[in-house]
Every structure is written in structure tokens, then in C-alpha cells.
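Next comes entry.txt, a file with compact mmCIF, C-alpha atoms.
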```
# COMPACT_ATOMS: atom_id res chain seq x y z
CA GLU A 172 -55.01 55.47 -6.41
CA ALA A 173 -52.60 53.12 -4.67
CA GLN A 174 -49.87 55.15 -3.10
CA VAL A 175 -47.48 55.85 -0.25
CA THR A 176 -47.66 59.40 1.05
CA GLN A 177 -45.18 61.27 3.19
CA ASN A 178 -45.50 64.58 4.99
CA PRO A 179 -43.92 66.99 5.00
CA ARG A 180 -42.05 66.84 1.71
CA TYR A 181 -39.56 69.46 2.82
CA LEU A 182 -38.55 70.43 6.34
CA ILE A 183 -35.92 72.75 7.76
CA THR A 184 -35.47 72.59 11.51
CA VAL A 185 -32.92 73.28 14.22
CA THR A 186 -30.85 70.94 16.34
CA GLY A 187 -32.77 69.38 19.18
CA LYS A 188 -36.30 70.25 18.08
CA LYS A 189 -38.37 67.09 18.00
CA LEU A 190 -40.05 66.28 14.70
CA THR A 191 -42.20 63.61 13.11
CA VAL A 192 -42.36 62.61 9.46
CA THR A 193 -45.57 60.81 8.67
CA CYS A 194 -45.97 57.93 6.25
CA SER A 195 -49.24 56.42 5.14
CA GLN A 196 -50.13 53.73 2.62
CA ASN A 197 -53.55 52.79 1.27
CA MET A 198 -52.67 49.35 -0.10
CA ASN A 199 -53.16 47.31 3.09
CA HIS A 200 -49.51 46.27 3.04
CA GLU A 201 -48.07 44.43 6.02
CA TYR A 202 -44.47 45.54 5.55
CA MET A 203 -43.32 49.15 5.89
CA SER A 204 -39.87 50.61 6.06
CA TRP A 205 -37.91 53.84 6.36
CA TYR A 206 -34.74 54.63 4.43
CA ARG A 207 -32.40 57.56 4.24
CA GLN A 208 -30.57 58.46 1.06
CA ASP A 209 -27.22 60.22 1.17
CA PRO A 210 -24.90 61.01 -1.75
CA GLY A 211 -22.52 58.18 -2.49
CA LEU A 212 -24.16 55.88 0.06
CA GLY A 213 -27.35 54.85 -1.72
CA LEU A 214 -30.34 54.05 0.44
CA ARG A 215 -29.87 52.69 3.92
CA GLN A 216 -32.63 51.19 5.99
CA ILE A 217 -33.45 52.91 9.28
CA TYR A 218 -36.32 50.83 10.69
CA TYR A 219 -38.84 48.41 9.34
CA SER A 220 -42.12 46.91 10.46
CA MET A 221 -43.54 43.56 9.42
CA ASN A 222 -46.97 44.28 10.87
CA VAL A 223 -48.85 46.27 13.48
CA GLU A 224 -46.88 46.58 16.73
CA VAL A 225 -43.89 44.76 15.17
CA THR A 226 -40.87 46.93 14.43
CA ASP A 227 -37.16 46.26 14.14
CA LYS A 228 -33.93 48.13 13.53
CA GLY A 229 -32.34 48.45 10.13
CA ASP A 230 -28.79 49.48 9.37
CA VAL A 231 -28.82 53.02 10.78
CA PRO A 232 -31.41 53.27 13.58
CA GLU A 233 -29.49 55.56 15.95
CA GLY A 234 -31.34 58.80 16.63
CA TYR A 235 -34.65 57.58 15.23
CA LYS A 236 -37.83 56.07 16.60
CA VAL A 237 -40.83 54.55 14.88
CA SER A 238 -44.22 53.20 15.83
CA ARG A 239 -46.79 51.04 14.06
CA LYS A 240 -50.10 51.38 15.84
CA GLU A 241 -52.15 51.07 12.66
CA LYS A 242 -51.44 49.08 9.53
CA ARG A 243 -51.53 52.07 7.22
CA ASN A 244 -49.28 54.46 9.19
CA PHE A 245 -45.60 54.28 10.06
CA PRO A 246 -44.30 57.61 11.41
CA LEU A 247 -40.60 58.35 11.78
CA ILE A 248 -39.71 60.31 14.90
CA LEU A 249 -36.54 62.27 15.53
CA GLU A 250 -36.55 63.09 19.23
CA SER A 251 -33.50 65.37 19.12
CA PRO A 252 -32.41 65.95 15.52
CA SER A 253 -28.78 66.66 14.75
CA PRO A 254 -27.13 68.02 11.57
CA ASN A 255 -25.91 64.54 10.60
CA GLN A 256 -29.55 63.57 10.14
CA THR A 257 -29.86 66.01 7.27
CA SER A 258 -30.87 63.69 4.46
CA LEU A 259 -33.54 62.58 2.03
CA TYR A 260 -35.94 60.13 3.67
CA PHE A 261 -38.11 57.56 1.95
CA CYS A 262 -40.92 55.48 3.32
CA ALA A 263 -41.79 52.23 1.57
CA SER A 264 -44.46 49.58 1.88
CA SER A 265 -44.82 46.07 0.55
CA PRO A 266 -47.19 43.14 0.58
CA SER A 267 -45.60 39.90 1.62
CA THR A 268 -42.95 38.48 -0.69
CA ASP A 269 -43.18 41.28 -3.21
CA THR A 270 -41.91 44.61 -4.31
CA GLN A 271 -41.50 47.65 -2.10
CA TYR A 272 -43.38 50.76 -3.17
CA PHE A 273 -41.76 54.04 -2.28
CA GLY A 274 -43.17 57.36 -1.19
CA PRO A 275 -42.07 60.64 -2.82
CA GLY A 276 -39.46 61.42 -0.18
CA THR A 277 -38.95 64.00 2.56
CA ARG A 278 -35.96 66.30 2.36
CA LEU A 279 -34.89 67.18 5.89
CA THR A 280 -32.35 69.85 6.80
CA VAL A 281 -31.20 70.15 10.41
CA LEU A 282 -29.36 73.38 11.17
CA ALA B 162 -21.47 40.01 4.35
CA GLN B 163 -24.42 40.97 2.21
CA SER B 164 -23.65 43.75 -0.21
CA VAL B 165 -24.49 45.25 -3.57
CA THR B 166 -21.92 46.86 -5.82
CA GLN B 167 -22.64 49.21 -8.67
CA PRO B 168 -19.15 49.87 -10.01
CA ASP B 169 -20.11 52.77 -12.28
CA ILE B 170 -20.94 55.97 -10.44
CA HIS B 171 -21.67 57.95 -13.59
CA ILE B 172 -22.31 56.86 -17.17
CA THR B 173 -22.81 59.07 -20.21
CA VAL B 174 -24.32 57.79 -23.42
CA SER B 175 -25.68 59.30 -26.60
CA GLU B 176 -29.37 59.09 -27.32
CA GLY B 177 -30.09 55.96 -29.33
CA ALA B 178 -27.04 54.11 -28.04
CA SER B 179 -27.27 50.89 -26.08
CA LEU B 180 -26.88 50.82 -22.32
CA GLU B 181 -25.68 48.37 -19.74
CA LEU B 182 -25.56 49.17 -16.03
CA ARG B 183 -23.67 46.75 -13.88
CA CYS B 184 -24.73 45.25 -10.58
CA ASN B 185 -22.92 42.62 -8.53
CA TYR B 186 -24.11 41.26 -5.24
CA SER B 187 -22.97 39.16 -2.34
CA TYR B 188 -25.72 37.25 -0.56
CA GLY B 189 -26.05 34.02 1.37
CA ALA B 190 -28.75 32.55 -0.84
CA THR B 191 -30.38 33.51 -4.10
CA PRO B 192 -32.07 36.75 -3.24
CA TYR B 193 -34.80 38.72 -4.85
CA LEU B 194 -33.21 41.24 -7.22
CA PHE B 195 -34.54 44.62 -8.21
CA TRP B 196 -33.72 47.63 -10.32
CA TYR B 197 -35.22 50.98 -9.38
CA VAL B 198 -35.00 54.31 -11.16
CA GLN B 199 -35.04 57.71 -9.51
CA SER B 200 -35.68 60.76 -11.66
CA PRO B 201 -34.52 64.12 -10.29
CA GLY B 202 -36.63 65.18 -7.34
CA GLN B 203 -38.71 62.02 -7.48
CA GLY B 204 -39.11 58.87 -5.47
CA LEU B 205 -38.01 55.43 -6.60
CA GLN B 206 -39.88 53.58 -9.30
CA LEU B 207 -39.52 49.86 -9.86
CA LEU B 208 -38.16 48.97 -13.29
CA LEU B 209 -38.07 45.21 -12.93
CA LYS B 210 -37.54 42.38 -10.48
CA TYR B 211 -36.30 38.81 -10.43
CA PHE B 212 -37.59 36.26 -7.97
CA SER B 213 -37.08 32.97 -9.79
CA GLY B 214 -37.52 31.29 -13.16
CA ASP B 215 -36.37 32.80 -16.45
CA THR B 216 -33.12 34.62 -15.83
CA LEU B 217 -33.85 37.29 -18.43
CA VAL B 218 -36.39 39.68 -17.00
CA GLN B 219 -38.33 42.29 -18.91
CA GLY B 220 -39.32 45.52 -17.23
CA ILE B 221 -40.99 48.81 -17.96
CA LYS B 222 -39.72 51.49 -20.33
CA GLY B 223 -37.96 48.93 -22.52
CA PHE B 224 -35.46 47.80 -19.88
CA GLU B 225 -34.35 44.24 -19.26
CA ALA B 226 -31.96 42.57 -16.87
CA GLU B 227 -30.22 39.23 -16.79
CA PHE B 228 -29.52 37.26 -13.64
CA LYS B 229 -26.25 35.35 -13.82
CA ARG B 230 -25.83 33.20 -10.75
CA SER B 231 -22.25 32.17 -11.59
CA GLN B 232 -21.19 35.81 -11.73
CA SER B 233 -23.49 37.07 -8.94
CA SER B 234 -24.62 39.75 -11.33
CA PHE B 235 -27.88 41.35 -12.35
CA ASN B 236 -27.01 43.83 -15.09
CA LEU B 237 -29.59 46.21 -16.51
CA ARG B 238 -29.76 46.76 -20.27
CA LYS B 239 -31.60 48.83 -22.81
CA PRO B 240 -30.99 48.58 -26.56
CA SER B 241 -31.68 52.23 -27.38
CA VAL B 242 -31.59 54.97 -24.76
CA HIS B 243 -33.96 57.92 -24.82
CA TRP B 244 -33.22 61.35 -23.35
CA SER B 245 -35.96 60.74 -20.77
CA ASP B 246 -33.95 57.82 -19.37
CA ALA B 247 -31.53 60.25 -17.73
CA ALA B 248 -31.85 59.46 -14.02
CA GLU B 249 -30.19 57.58 -11.21
CA TYR B 250 -30.49 53.80 -11.18
CA PHE B 251 -30.32 51.61 -8.12
CA CYS B 252 -29.83 47.88 -7.92
CA ALA B 253 -31.20 46.21 -4.78
CA VAL B 254 -31.18 42.71 -3.33
CA GLY B 255 -33.02 41.11 -0.46
CA THR B 256 -36.02 39.11 0.60
CA TRP B 257 -39.25 40.05 2.31
CA THR B 258 -38.09 38.61 5.61
CA ASP B 259 -34.73 40.31 5.32
CA LYS B 260 -33.83 43.88 4.65
CA LEU B 261 -33.49 45.28 1.17
CA ILE B 262 -29.90 46.28 0.42
CA PHE B 263 -29.29 48.99 -2.15
CA GLY B 264 -26.27 49.75 -4.24
CA THR B 265 -24.88 53.27 -4.26
CA GLY B 266 -26.47 54.07 -7.59
CA THR B 267 -25.39 54.87 -11.14
CA ARG B 268 -26.21 58.27 -12.55
CA LEU B 269 -27.06 58.12 -16.25
CA GLN B 270 -26.59 61.15 -18.45
CA VAL B 271 -27.94 61.12 -22.01
CA PHE B 272 -26.60 63.42 -24.71
CA PRO B 273 -28.78 64.29 -27.72
```
Could you write out this file's structure as C-alpha cells?
Amino acid sequence: EAQVTQNPRYLITVTGKKLTVTCSQNMNHEYMSWYRQDPGLGLRQIYYSMNVEVTDKGDVPEGYKVSRKEKRNFPLILESPSPNQTSLYFCASSPSTDTQYFGPGTRLTVL
Amino acid sequence: AQSVTQPDIHITVSEGASLELRCNYSYGATPYLFWYVQSPGQGLQLLLKYFSGDTLVQGIKGFEAEFKRSQSSFNLRKPSVHWSDAAEYFCAVGTWTDKLIFGTGTRLQVFP
């Protein structure tokens, strides 16, 4: 089944404790992206990658890192999480010039 | 500046009634246009998309949308709403080589 998977789905952590949210797609898509969703703000792009070893900042990259060492994986790294990064995170992937397919989301709470 | 506006934060309709969700955008060129739906606790599912050609686009679940270049709009419609349509709806614009910009969403509530 073609899909985008994210792990974990739910995470509660404390300020400053490094964490990684994994994202994997099995559709051989070149393009992958991370978004955060906050009430009243819709989805905002954090980082995106147009292919392996090619990443770029989105609208709200501060406090986040990403890497794209393999085509299928695009982990989101929070080196020192803060409470303002409490949010719902979505990973998405897309073939060129077409629709983005979204993962199920990761709900992160930073205490 | 590129932007997407969904002017209705919350809409309530009766089951069986017609529906129109509004979306206006500001973009330098004709972008790709999308409508996504998010059911409670779920990810985003694509309803329909417009890249070019016929300005009336048919999607899944009986939804359609019309691209009106002169009004910079891409409104979503459904002739008869079902209770299962209750969800949040997002309009998005962008291209593959540019970021996808989302509106803030419209929450649809359906009364029996």
C-alpha cells in the first residue's frame, strides 16, 4: 500500500530534550516536506526536500533540522525543543508536478 | 505576497443542504490549486486539484470546485451534504518548485 508513515504518532517530552520524528514514504517520491499545524494558522511549511541531499527552509524553520540521506526517509529533528514547538506535525511527499500525500500526523507536546 | 484566504472559519449546514466553501488566493502566476479535507484525528486527504484546462473540477466524495481567474477564487461545492462530510477543509495553492501555501481552514459542522 502506497503511504507516508510517521513515528511516533504521539509524543510528550520536556524542554531541551532532543527528539526525532521519522517520516518514510514507499512511493519513490522526489519531494518531501514537513508542516506544522496550529489552530487558526492552518499548515505552515517547516522544511522541504526536492531530492536526496537537497533540503531548504520553509516558512518556519527556526528550531528544526532535517536530513535527506535516502529518498524514502526525511526525519525532523528538534535539537532543543521548547513549548512553542508543541504542535501537530505532518510529513508529506510528492512526485514531481503533482499532489502532496500526507502522513497521519505526529502530535507533539513539549512541557 | 502569496497568500490563501478562507474567510469562513466555521460553517454549519443541515444534512442534505448544499455547501459552498470559499477560497481566495494571491499568487504571482496561475498556481496549482488544491482542496484537502481533514477528519478529526486524521491526516489530510486530497479532495480535488486544478492544474490547467477545464475550470470546473470534479473530486472525490461528490465535491467539485470552480477556478475563477478573474476573482482569484477556487470555491468548493457539494450539492447535498452528508453527516460524514463534517470535517475541516483546507484550500492550498502552490507549484512543485514552490512551497504549498495553505489557508487557515474552514470547519464544517453538519446537523441531522
- [ ] Find the residues of chain A in contact range of chain B, meaning any atom within 6 Å when counting all atoms listed in the file, and list them as a list in words.
- [x]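 Output check: Gly211, Leu212, Gly213, Leu214, Thr268, Phe273, Pro275 and Gly276 of chain A.
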Task: Option closest in space to A:Gly274, from B:Tyr250, B:Glu227, B:Lys222, B:Gln199 [counting only C-alpha atoms] - done: B:Gln199
TODO: May I ask for the distance between atom CA of A:Gly229 and atom CA of A:Met203, given in Å to one decimal place?
DONE: 11.8 Å
Open item on the list: If we count all atoms listed in the file and set the cut-off at 10 Å, which residues sit around stretch 218-227 of chain A, ignoring sequence neighbours fewer than 5 positions away in its own chain? Please answer as a PyMOL selection string.
Closed with: (chain A and resi 200-206+232-233+235-245+247+262-267) or (chain B and resi 257-260)
Please produce an output containing C-alpha atoms for each residue in the selection, written as a PDB file, in the frame of the given file.
```pdb
ATOM      1  CA  HIS A 200     -49.510  46.270   3.040  1.00  0.00           C
ATOM      2  CA  GLU A 201     -48.070  44.430   6.020  1.00  0.00           C
ATOM      3  CA  TYR A 202     -44.470  45.540   5.550  1.00  0.00           C
ATOM      4  CA  MET A 203     -43.320  49.150   5.890  1.00  0.00           C
ATOM      5  CA  SER A 204     -39.870  50.610   6.060  1.00  0.00           C
ATOM      6  CA  TRP A 205     -37.910  53.840   6.360  1.00  0.00           C
ATOM      7  CA  TYR A 206     -34.740  54.630   4.430  1.00  0.00           C
ATOM      8  CA  PRO A 232     -31.410  53.270  13.580  1.00  0.00           C
ATOM      9  CA  GLU A 233     -29.490  55.560  15.950  1.00  0.00           C
ATOM     10  CA  TYR A 235     -34.650  57.580  15.230  1.00  0.00           C
ATOM     11  CA  LYS A 236     -37.830  56.070  16.600  1.00  0.00           C
ATOM     12  CA  VAL A 237     -40.830  54.550  14.880  1.00  0.00           C
ATOM     13  CA  SER A 238     -44.220  53.200  15.830  1.00  0.00           C
ATOM     14  CA  ARG A 239     -46.790  51.040  14.060  1.00  0.00           C
ATOM     15  CA  LYS A 240     -50.100  51.380  15.840  1.00  0.00           C
ATOM     16  CA  GLU A 241     -52.150  51.070  12.660  1.00  0.00           C
ATOM     17  CA  LYS A 242     -51.440  49.080   9.530  1.00  0.00           C
ATOM     18  CA  ARG A 243     -51.530  52.070   7.220  1.00  0.00           C
ATOM     19  CA  ASN A 244     -49.280  54.460   9.190  1.00  0.00           C
ATOM     20  CA  PHE A 245     -45.600  54.280  10.060  1.00  0.00           C
ATOM     21  CA  LEU A 247     -40.600  58.350  11.780  1.00  0.00           C
ATOM     22  CA  CYS A 262     -40.920  55.480   3.320  1.00  0.00           C
ATOM     23  CA  ALA A 263     -41.790  52.230   1.570  1.00  0.00           C
ATOM     24  CA  SER A 264     -44.460  49.580   1.880  1.00  0.00           C
ATOM     25  CA  SER A 265     -44.820  46.070   0.550  1.00  0.00           C
ATOM     26  CA  PRO A 266     -47.190  43.140   0.580  1.00  0.00           C
ATOM     27  CA  SER A 267     -45.600  39.900   1.620  1.00  0.00           C
TER      28      SER A 267
ATOM     29  CA  TRP B 257     -39.250  40.050   2.310  1.00  0.00           C
ATOM     30  CA  THR B 258     -38.090  38.610   5.610  1.00  0.00           C
ATOM     31  CA  ASP B 259     -34.730  40.310   5.320  1.00  0.00           C
ATOM     32  CA  LYS B 260     -33.830  43.880   4.650  1.00  0.00           C
TER      33      LYS B 260
END
```
Open item on the list: Using only C-alpha atoms, can you tell me which of A:Ala173, A:Thr193, A:Lys188, A:Val231 comes closest to A:Ser253?
Closed with: A:Lys188
